[in-house]
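Trainee: Structure supplied as run_20.txt; contents: compact mmCIF, C-alpha atoms.
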```
# COMPACT_ATOMS: atom_id res chain seq x y z
CA MET T 54 1.39 8.47 58.92
CA LEU T 55 -1.81 8.86 56.99
CA ARG T 56 -5.19 8.72 58.55
CA ARG T 57 -7.81 6.80 56.55
CA HIS T 58 -11.20 5.79 57.80
CA GLY T 59 -10.04 6.08 61.37
CA PHE T 60 -6.94 3.86 60.92
CA ASP T 61 -3.35 4.92 60.96
CA VAL T 62 -1.72 3.75 57.71
CA ALA T 63 1.98 4.08 56.97
CA TRP T 64 2.64 5.27 53.44
CA GLN T 65 5.05 3.12 51.42
CA ALA T 66 6.64 4.15 48.17
CA PRO T 67 6.12 1.67 45.31
CA THR T 68 9.18 -0.50 44.91
CA GLU T 69 9.88 -1.51 41.34
CA THR T 70 13.25 -2.04 39.77
CA MET T 71 14.14 -0.27 36.55
CA GLU T 72 14.10 -3.62 34.73
CA GLU T 73 10.47 -4.13 35.78
CA VAL T 74 9.51 -0.64 34.62
CA VAL T 75 11.17 -1.20 31.24
CA ALA T 76 9.64 -4.68 30.92
CA ASP T 77 6.18 -3.26 31.60
CA SER T 78 6.68 -0.50 29.05
CA VAL T 79 7.66 -2.89 26.21
CA ALA T 80 5.32 -5.75 27.09
CA GLN T 81 2.82 -4.90 24.33
CA ARG T 82 5.52 -4.70 21.66
CA ARG T 83 7.10 -7.91 22.93
CA LEU T 84 3.77 -9.74 22.62
CA THR T 85 3.24 -8.33 19.12
CA MET T 86 6.69 -9.46 18.00
CA LEU T 87 6.23 -12.90 19.58
CA LEU T 88 2.98 -13.37 17.66
CA LEU T 89 4.62 -12.09 14.48
CA THR T 90 7.48 -14.57 14.95
CA ILE T 91 5.09 -17.48 15.50
CA PHE T 92 3.07 -16.60 12.40
CA ALA T 93 6.24 -16.12 10.35
CA GLY T 94 7.44 -19.58 11.38
CA ALA T 95 4.08 -21.07 10.43
CA ALA T 96 4.22 -19.26 7.08
CA LEU T 97 7.72 -20.60 6.42
CA LEU T 98 6.57 -24.14 7.21
CA LEU T 99 3.53 -23.79 4.95
CA ALA T 100 5.69 -22.38 2.16
CA ALA T 101 8.14 -25.28 2.42
CA VAL T 102 5.30 -27.84 2.40
CA GLY T 103 3.71 -26.07 -0.58
CA ILE T 104 6.97 -26.02 -2.53
CA TYR T 105 7.51 -29.69 -1.73
CA GLY T 106 4.00 -30.55 -2.92
CA VAL T 107 4.29 -28.64 -6.19
CA ILE T 108 7.74 -30.02 -7.04
CA ALA T 109 6.76 -33.58 -6.05
CA TYR T 110 3.68 -33.33 -8.28
CA SER T 111 5.78 -31.94 -11.13
CA VAL T 112 8.29 -34.79 -10.82
CA THR T 113 5.47 -37.34 -10.73
CA GLN T 114 3.94 -35.83 -13.88
CA ARG T 115 7.33 -35.93 -15.61
CA THR T 116 8.20 -39.52 -14.65
CA ARG T 117 7.91 -40.70 -18.24
CA GLU T 118 10.11 -37.85 -19.54
CA ILE T 119 12.74 -38.52 -16.87
CA GLY T 120 12.68 -42.24 -17.70
CA ILE T 121 13.18 -41.52 -21.40
CA ARG T 122 16.06 -39.17 -20.64
CA MET T 123 17.69 -41.80 -18.43
CA ALA T 124 17.11 -44.52 -21.06
CA LEU T 125 18.87 -42.29 -23.60
CA GLY T 126 21.88 -41.94 -21.33
CA ALA T 127 21.23 -39.08 -18.92
CA GLN T 128 23.08 -39.48 -15.63
CA LYS T 129 21.31 -39.44 -12.28
CA THR T 130 23.19 -36.31 -11.28
CA GLN T 131 21.96 -34.59 -14.44
CA MET T 132 18.36 -35.41 -13.48
CA LEU T 133 18.98 -34.10 -9.97
CA GLY T 134 20.44 -30.89 -11.39
CA MET T 135 17.57 -30.47 -13.87
CA VAL T 136 14.85 -30.79 -11.24
CA LEU T 137 16.70 -28.58 -8.74
CA ARG T 138 17.47 -25.94 -11.37
CA GLN T 139 13.86 -25.69 -12.49
CA SER T 140 12.46 -25.54 -8.98
CA MET T 141 15.04 -23.07 -7.70
CA MET T 142 14.38 -20.77 -10.66
CA LEU T 143 10.77 -20.48 -9.51
CA VAL T 144 11.94 -19.92 -5.93
CA ILE T 145 14.33 -17.15 -6.99
CA ILE T 146 11.55 -15.40 -8.90
CA GLY T 147 9.34 -15.65 -5.80
CA ILE T 148 12.07 -14.30 -3.53
CA VAL T 149 12.68 -11.32 -5.83
CA ILE T 150 8.96 -10.50 -5.93
CA GLY T 151 8.76 -10.90 -2.15
CA PHE T 152 11.78 -8.62 -1.69
CA VAL T 153 10.11 -5.86 -3.73
CA VAL T 154 6.87 -6.23 -1.76
CA ALA T 155 8.81 -6.22 1.53
CA LEU T 156 10.53 -2.97 0.59
CA ALA T 157 7.13 -1.43 -0.04
CA ALA T 158 5.69 -2.78 3.21
CA THR T 159 8.49 -1.47 5.46
CA ARG T 160 6.66 1.80 5.97
CA VAL T 161 3.83 -0.04 7.68
CA MET T 162 6.13 -2.35 9.65
CA ALA T 163 8.44 0.45 10.82
CA THR T 164 6.17 1.14 13.81
CA LEU T 165 6.66 -2.44 15.08
CA LEU T 166 10.44 -2.50 14.81
CA TYR T 167 12.55 -1.62 17.82
CA GLY T 168 16.28 -1.07 17.44
CA VAL T 169 16.27 -2.23 13.82
CA GLY T 170 16.09 0.01 10.78
CA ALA T 171 13.18 -0.50 8.40
CA ASN T 172 15.58 -1.27 5.54
CA ASP T 173 18.18 -3.26 7.47
CA ILE T 174 20.10 -5.27 4.86
CA SER T 175 21.15 -7.97 7.35
CA ILE T 176 17.49 -8.82 8.02
CA TYR T 177 16.77 -9.09 4.29
CA ALA T 178 19.86 -11.26 3.77
CA THR T 179 18.93 -13.55 6.67
CA VAL T 180 15.33 -13.96 5.49
CA THR T 181 16.44 -14.57 1.90
CA ALA T 182 18.95 -17.21 3.01
CA LEU T 183 16.39 -18.89 5.29
CA LEU T 184 13.70 -19.00 2.59
CA GLY T 185 16.20 -20.17 -0.01
CA ALA T 186 17.43 -22.97 2.26
CA ALA T 187 13.89 -24.08 3.11
CA ALA T 188 12.95 -24.08 -0.59
CA PHE T 189 16.11 -25.98 -1.51
CA LEU T 190 15.38 -28.69 1.06
CA ALA T 191 11.76 -28.88 -0.07
CA SER T 192 12.95 -29.28 -3.69
CA TYR T 193 15.75 -31.71 -2.93
CA ILE T 194 13.52 -34.58 -1.79
CA PRO T 195 11.53 -34.82 -5.06
CA ALA T 196 14.75 -34.33 -7.02
CA ARG T 197 16.31 -37.31 -5.20
CA ARG T 198 13.21 -39.31 -6.07
CA ALA T 199 13.68 -38.37 -9.74
CA MET T 200 17.22 -39.78 -9.60
CA LYS T 201 15.90 -43.20 -8.59
CA VAL T 202 13.48 -43.57 -11.50
CA ASP T 203 14.00 -46.89 -13.29
CA PRO T 204 13.83 -46.20 -17.08
CA MET T 205 11.83 -49.37 -17.80
CA VAL T 206 9.24 -48.63 -15.11
CA ALA T 207 8.98 -45.03 -16.28
CA LEU T 208 8.44 -46.05 -19.90
CA ARG T 209 5.57 -48.34 -18.83
CA TYR T 210 4.11 -45.65 -16.54
CA GLU T 211 0.62 -44.23 -17.33
```
Could you quickly redo this structure as structure tokens?

Mentor:
Amino acid sequence: MLRRHGFDVAWQAPTETMEEVVADSVAQRRLTMLLLTIFAGAALLLAAVGIYGVIAYSVTQRTREIGIRMALGAQKTQMLGMVLRQSMMLVIIGIVIGFVVALAATRVMATLLYGVGANDISIYATVTALLGAAAFLASYIPARRAMKVDPMVALRYE
């Protein structure tokens, strides 16, 4: 029994489980990674919308060219392949540049990573596949629109 201010107080040891102690110790890192994940998702969404906008604008600007190609006998699948090939080439260049920048930035990010190596190849492969898939889907919609161009409408376009 402890005596404080004239009252008898029984001392109790703090009761926390090990899970609570560990959770308290990594709470700051968990919050940082949650915010990083949210911002990464927003960046991926903005990148996909940006790619869609650029490719859709490019297809719109090339409507006359696509119409002439189709009037001269190009197949719809050839137009789809042409638009996808050109857009994915730009995406691949962007992914390569981003990969090089990411390798350089791992020194800074290494302090935020827990249980993952700074140069973990599975993370790079996952991110590359995710960005490539998002860019492909963002490019596919305008490419499908290019397939549906009527040659006569496209020739009269301007």

Trainee: May I have the residues within 12 Å of T:Ile194 as a PDB file with C-alpha atoms, keeping the file's coordinate frame, using all atoms listed in the file and disregarding those fewer than 2 positions away in the same chain?

Mentor:
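New file out.pdb:
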```pdb
ATOM      1  CA  ALA T 101       8.140 -25.280   2.420  1.00  0.00           C
ATOM      2  CA  VAL T 102       5.300 -27.840   2.400  1.00  0.00           C
ATOM      3  CA  ILE T 104       6.970 -26.020  -2.530  1.00  0.00           C
ATOM      4  CA  TYR T 105       7.510 -29.690  -1.730  1.00  0.00           C
ATOM      5  CA  GLY T 106       4.000 -30.550  -2.920  1.00  0.00           C
ATOM      6  CA  VAL T 107       4.290 -28.640  -6.190  1.00  0.00           C
ATOM      7  CA  ILE T 108       7.740 -30.020  -7.040  1.00  0.00           C
ATOM      8  CA  ALA T 109       6.760 -33.580  -6.050  1.00  0.00           C
ATOM      9  CA  TYR T 110       3.680 -33.330  -8.280  1.00  0.00           C
ATOM     10  CA  VAL T 112       8.290 -34.790 -10.820  1.00  0.00           C
ATOM     11  CA  LEU T 133      18.980 -34.100  -9.970  1.00  0.00           C
ATOM     12  CA  VAL T 136      14.850 -30.790 -11.240  1.00  0.00           C
ATOM     13  CA  LEU T 137      16.700 -28.580  -8.740  1.00  0.00           C
ATOM     14  CA  SER T 140      12.460 -25.540  -8.980  1.00  0.00           C
ATOM     15  CA  ALA T 187      13.890 -24.080   3.110  1.00  0.00           C
ATOM     16  CA  ALA T 188      12.950 -24.080  -0.590  1.00  0.00           C
ATOM     17  CA  PHE T 189      16.110 -25.980  -1.510  1.00  0.00           C
ATOM     18  CA  LEU T 190      15.380 -28.690   1.060  1.00  0.00           C
ATOM     19  CA  ALA T 191      11.760 -28.880  -0.070  1.00  0.00           C
ATOM     20  CA  SER T 192      12.950 -29.280  -3.690  1.00  0.00           C
ATOM     21  CA  ALA T 196      14.750 -34.330  -7.020  1.00  0.00           C
ATOM     22  CA  ARG T 197      16.310 -37.310  -5.200  1.00  0.00           C
ATOM     23  CA  ARG T 198      13.210 -39.310  -6.070  1.00  0.00           C
ATOM     24  CA  ALA T 199      13.680 -38.370  -9.740  1.00  0.00           C
ATOM     25  CA  MET T 200      17.220 -39.780  -9.600  1.00  0.00           C
ATOM     26  CA  LYS T 201      15.900 -43.200  -8.590  1.00  0.00           C
TER      27      LYS T 201
END
```

Trainee: Name the residues in contact with T:Leu184 at a cut-off of 10 Å, using all atoms listed in the file, excluding same-chain residues fewer than 5 positions from it; report them as a list in words.

Mentor: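 These residues fall inside the cut-off: Leu97, Leu98, Ala100, Ala101, Val144, Ile145, Ile148, Ala178, Thr179, Phe189 and Leu190 of chain T.
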
Trainee: Counting only C-alpha atoms, I want the residues whose atoms come within 12 Å of (16.5, -12.0, 3.0) in the file frame, returned as a PyMOL selection string.

Mentor: chain T and resi 145+147-153+155-156+172-186

Trainee: Keeping C-alpha atoms, export the residues of the selection given above as a PDB file, in the coordinates of the input.

Mentor:
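Below is the file part.pdb, written as the result:
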```pdb
ATOM      1  CA  ILE T 145      14.330 -17.150  -6.990  1.00  0.00           C
ATOM      2  CA  GLY T 147       9.340 -15.650  -5.800  1.00  0.00           C
ATOM      3  CA  ILE T 148      12.070 -14.300  -3.530  1.00  0.00           C
ATOM      4  CA  VAL T 149      12.680 -11.320  -5.830  1.00  0.00           C
ATOM      5  CA  ILE T 150       8.960 -10.500  -5.930  1.00  0.00           C
ATOM      6  CA  GLY T 151       8.760 -10.900  -2.150  1.00  0.00           C
ATOM      7  CA  PHE T 152      11.780  -8.620  -1.690  1.00  0.00           C
ATOM      8  CA  VAL T 153      10.110  -5.860  -3.730  1.00  0.00           C
ATOM      9  CA  ALA T 155       8.810  -6.220   1.530  1.00  0.00           C
ATOM     10  CA  LEU T 156      10.530  -2.970   0.590  1.00  0.00           C
ATOM     11  CA  ASN T 172      15.580  -1.270   5.540  1.00  0.00           C
ATOM     12  CA  ASP T 173      18.180  -3.260   7.470  1.00  0.00           C
ATOM     13  CA  ILE T 174      20.100  -5.270   4.860  1.00  0.00           C
ATOM     14  CA  SER T 175      21.150  -7.970   7.350  1.00  0.00           C
ATOM     15  CA  ILE T 176      17.490  -8.820   8.020  1.00  0.00           C
ATOM     16  CA  TYR T 177      16.770  -9.090   4.290  1.00  0.00           C
ATOM     17  CA  ALA T 178      19.860 -11.260   3.770  1.00  0.00           C
ATOM     18  CA  THR T 179      18.930 -13.550   6.670  1.00  0.00           C
ATOM     19  CA  VAL T 180      15.330 -13.960   5.490  1.00  0.00           C
ATOM     20  CA  THR T 181      16.440 -14.570   1.900  1.00  0.00           C
ATOM     21  CA  ALA T 182      18.950 -17.210   3.010  1.00  0.00           C
ATOM     22  CA  LEU T 183      16.390 -18.890   5.290  1.00  0.00           C
ATOM     23  CA  LEU T 184      13.700 -19.000   2.590  1.00  0.00           C
ATOM     24  CA  GLY T 185      16.200 -20.170  -0.010  1.00  0.00           C
ATOM     25  CA  ALA T 186      17.430 -22.970   2.260  1.00  0.00           C
TER      26      ALA T 186
END
```

Trainee: Distance atom CA of T:Ile146-atom CA of T:Val202, one decimal place?

Mentor: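 A separation of 28.4 Å between them.
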
Trainee: Quick one: pull the distance between atom CA of T:Glu72 and atom CA of T:Leu88, Å, one decimal.

Mentor: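 These two atoms are separated by 22.6 Å.
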
Trainee: One decimal, in Å: what's the spacing between atom CA of T:Gly120 and atom CA of T:Ala207?

Mentor: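 A separation of 4.8 Å between them.
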
Trainee: Need to verify the contact set: T:Leu208, 12 Å, only C-alpha atoms, exclusion of same-chain residues closer than 4 positions in sequence. Can you return it as a list in words?

Mentor: Arg115, Thr116, Arg117, Glu118, Ile119, Gly120, Ile121, Arg122, Met123, Ala124, Leu125, Val202, Asp203 and Pro204 of chain T

Trainee: Reconstruct N, CA and C atoms of stretch 100-121 of chain T; output as a short mmCIF file (atom, residue, chain, number, x, y, z; two decimals), keeping the file's coordinate frame.

Mentor:
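Saved the output as part.cif:
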```cif
data_model
loop_
_atom_site.label_atom_id
_atom_site.label_comp_id
_atom_site.auth_asym_id
_atom_site.auth_seq_id
_atom_site.Cartn_x
_atom_site.Cartn_y
_atom_site.Cartn_z
N ALA T 100 5.03 -22.61 3.45
CA ALA T 100 5.69 -22.38 2.16
C ALA T 100 6.55 -23.57 1.76
N ALA T 101 7.29 -24.12 2.72
CA ALA T 101 8.14 -25.28 2.42
C ALA T 101 7.29 -26.49 2.03
N VAL T 102 6.19 -26.72 2.73
CA VAL T 102 5.30 -27.84 2.40
C VAL T 102 4.67 -27.62 1.03
N GLY T 103 4.29 -26.38 0.73
CA GLY T 103 3.71 -26.07 -0.58
C GLY T 103 4.70 -26.29 -1.71
N ILE T 104 5.93 -25.82 -1.50
CA ILE T 104 6.97 -26.02 -2.53
C ILE T 104 7.22 -27.51 -2.73
N TYR T 105 7.30 -28.24 -1.63
CA TYR T 105 7.51 -29.69 -1.73
C TYR T 105 6.37 -30.33 -2.53
N GLY T 106 5.14 -29.96 -2.23
CA GLY T 106 4.00 -30.55 -2.92
C GLY T 106 4.00 -30.25 -4.42
N VAL T 107 4.28 -29.02 -4.77
CA VAL T 107 4.29 -28.64 -6.19
C VAL T 107 5.41 -29.35 -6.94
N ILE T 108 6.61 -29.37 -6.36
CA ILE T 108 7.74 -30.02 -7.04
C ILE T 108 7.53 -31.53 -7.11
N ALA T 109 7.02 -32.14 -6.04
CA ALA T 109 6.76 -33.58 -6.05
C ALA T 109 5.73 -33.92 -7.12
N TYR T 110 4.69 -33.10 -7.25
CA TYR T 110 3.68 -33.33 -8.28
C TYR T 110 4.28 -33.17 -9.67
N SER T 111 5.12 -32.16 -9.84
CA SER T 111 5.78 -31.94 -11.13
C SER T 111 6.67 -33.13 -11.51
N VAL T 112 7.42 -33.64 -10.55
CA VAL T 112 8.29 -34.79 -10.82
C VAL T 112 7.45 -36.01 -11.16
N THR T 113 6.34 -36.20 -10.44
CA THR T 113 5.47 -37.34 -10.73
C THR T 113 4.89 -37.23 -12.14
N GLN T 114 4.50 -36.03 -12.54
CA GLN T 114 3.94 -35.83 -13.88
C GLN T 114 5.00 -36.04 -14.96
N ARG T 115 6.25 -35.83 -14.62
CA ARG T 115 7.33 -35.93 -15.61
C ARG T 115 8.09 -37.25 -15.51
N THR T 116 7.52 -38.23 -14.83
CA THR T 116 8.20 -39.52 -14.65
C THR T 116 8.57 -40.14 -15.99
N ARG T 117 7.65 -40.11 -16.93
CA ARG T 117 7.91 -40.70 -18.24
C ARG T 117 9.06 -39.98 -18.95
N GLU T 118 9.03 -38.64 -18.91
CA GLU T 118 10.11 -37.85 -19.54
C GLU T 118 11.46 -38.17 -18.90
N ILE T 119 11.48 -38.23 -17.57
CA ILE T 119 12.74 -38.52 -16.87
C ILE T 119 13.22 -39.92 -17.23
N GLY T 120 12.30 -40.88 -17.31
CA GLY T 120 12.68 -42.24 -17.70
C GLY T 120 13.26 -42.29 -19.10
N ILE T 121 12.66 -41.56 -20.03
CA ILE T 121 13.18 -41.52 -21.40
C ILE T 121 14.57 -40.90 -21.41
#
```
